[in-house]
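Reviewing the structure listed below.
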Amino acid sequence: MTTVREAALDLFRAHGLTTWFGNPGSSELSLLQDFPDDMRYILGLQEIVPVGMADAYAQITGRPALVNLHTAPGMGNAQGALYNAYLNKSPLIVTAGNQRRVMQNQNNLLTNVDATIVPKPFVKWAAEPALASEVPAVLAHAIHLATTPPFGPVFVSLPMDDMDVELTDDQLAEIAAVRDRKVVHAGGFPAELAAPIAARIDAAHSPVLVVGGDVERCGAREAMVALAERIGAVVWSAPLTGTPGFPMNHPSYRGMLPPGRGWVAEALSGHDLILAIGTPVFRYYPMIPGPYLPAGAELVHFTSDPDEAARAPMGEAYVTDIRAAALALLDHITVTDRPAPPARPQPAAVAPAVTPVRPETLWGTVGRVAPDEALWVSESGSNETAIAANIRSSQRFPHLFAAGGGLGFGLAAAVGAQLAAPERPVIAAIGDGSIQYSVPALWTAAQHNIPLTIVVPVNHEYGILKQFGGIEHTSGVPGLDLPALDITAIATGYGIDAHQATGTDHLAELLKTALTHHNRPTLIAVPTTTTGPA
């Protein structure tokens with residue numbers, strides 16, 4: 001007879017969920033026993049790693065990703081990564097085992113007492129099936145919710161004794177119906193809404209687009225390019241949006257808005273109509289005083305997320321399919337003779353230098369060597385401005401970073417991104433402090449021979465915290481220096497080919513070798529200048 005485990009695996013197959021990211025424990029063994037040959041299990045040595053890998057894998061493939069964790073302790077370890085995935089709007093199907101039902105009342109070892117509460121608020125939905133026979137239906141429910149805009153993680157707790165329960169013919173027939181059904185999302189933007197907004201765009205002196213990661217996630221990238229070119233608009237990425245949402249080599253593109261209220265208003269000065277599409281409006285840190293918008297400017301917001309629309313402090317919002325909204329606006333815009341904005345200047349030329357080098361020199365060198373199809377994943381707070389300034393890619397998802405800002409995303413996400421896009425070289429730009437939060441991902445990369453290239457700026461400090469200290473007027477803060485870390489020795493211990501660059505020429509040579517051969521994970525440490533005292 002068919003067991004609950006077999007029915008669950010069959011459901012996963014039906015939804016294309018054959019790659020698992022996980023760190024199992026004893027309460028997950030009953031689900032994983034006799035693991036099928038048509039599935040693969042990507043092991044992370046600590047729970048933040050499989051969640052981070054799955055986060056990037058789901059974003060790049062545009063498909064949900066399956067995460068397998070270990071009851072309450074594993075979920076606790078994963079919570080920071082789950083926070084990032086929630087703000088990245090990644091459709092993760094997170095499962096964790098639980099103690100046998102007959103042992104839970106005594107709170108025996110590994111009992112997750114309130115299993116559905118543990119991952120909240122960083123999941124869209126959480127459940128533990130009331131009956132073993134309901135496991136496949138609850139998993140299907142979770143999959144459909146995760147892939148409904150706004151996308152996001154979901155969680156299902158699976159008591160370990162449910163897996164071997166045998167299902168009746170009637171139960172199997174019900175499960176088959178649940179397994180084979182479809183949930184289709186269709187949306188539009190009616191002409192009676194599009195026409196007056198298009199008229200405002202036509203009448204605007206200087207419209208500007210501010211786009212977010214949902215432009216990529218919802219397949220609206222080409223429509224956004226067409227809209228920008230039709231109305232002659234400058235395009236910015238919204239602050240802290242996780243991925244640019246626009247080709248980074250496009251002449252109209254200006255980069256990411258700085259994440260402070262006053263900074264945003266200053267950057268948008270001179271524009272009288274702001275179209276914010278596929279992004280929250282806006283996410284700020286630190287607190288930079290100033291108006292939300294330039295004087296006299298109006299903002300129109302298009303989002304698939306009702307909460308984003310409700311919490312925005314300014315503008316008018318439309319909860320909609322953002323691709324449909326962009327196409328509808330294109331149908332009604334009549335003023336098309338605005339001159340195209342001047343192209344953004346190319347990155348400054350890099351003069352040869354020996355280490356320690358400035359961040360601008362480091363990332364200028366990497367940007368010069370990186371091919372257009374490179375997929376960048378970054379987590380290096382004090383280097384992020386220089387990193388983004390040197391990415392000029394035409395590709396989808398040219399650059400990933402954690403919209404939530406929780407450390408540990410970068411290295412794990414780079415591994416997941418390379419698994420999702422084996423044809424694209426992945427460049428992981430990870431600070432020497434940030435990399436410690438998910439350093440076991442090096443082992444996963446080595447074991448699976450995942451050929452990403454990891455570039456580590458080594459400044460032996462939490463440079464971004466020192467920068468924030470200057471903004472917040474704090475001094476004498478302990479714990480901001482990181483002496484005696486040797487990332488090349490750590491990487492070598494995990495089985496990675498590791499090198500330390502001695503200057504820009506050496507760095508370029510190492511990069512060319514890693515990116516050309518593209519058959520082994522490589523780490524390149526680059527000593528950089530420091531931020532200075534806190």
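Letters A, B, ... mark the chains of the structure tokens in the order given; residue numbers begin at 1 per chain; ligand numbers begin at 1, in order shown.
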
Write down as number ranges by chain the residues belonging to stretch 93-174 of chain A that are assigned strand (DSSP E) by DSSP computed on the backbone.
A: 93-98, 126-127, 154-159

With only C-alpha atoms as the counted atoms, please give the residues lying no more than 12 Å from A:Tyr462, apart from itself and same-chain residues fewer than 2 positions off, as a PyMOL selection string.
chain A and resi 379-383+407+431-436+457-460+464-469+477-483+530-534

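Using only C-alpha atoms for every distance, the candidate list A:Gln447, A:Thr355, A:Asn98, A:Gln33 yields A:Asn98 as the residue closest to A:Thr71.
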
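In this comparison, which uses only C-alpha atoms, the residue of A:Pro440, A:Pro159, A:Pro247, A:Gly188 approaching A:Glu373 most closely is A:Pro247.
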
I want to know what sits within 12 Å of stretch 189-200 of chain A, based on only C-alpha atoms, with residues of the same chain fewer than 6 positions away left out; could you give that as a PyMOL selection string?
chain A and resi 206-207+227+230-231+272-275+298-304+316-336
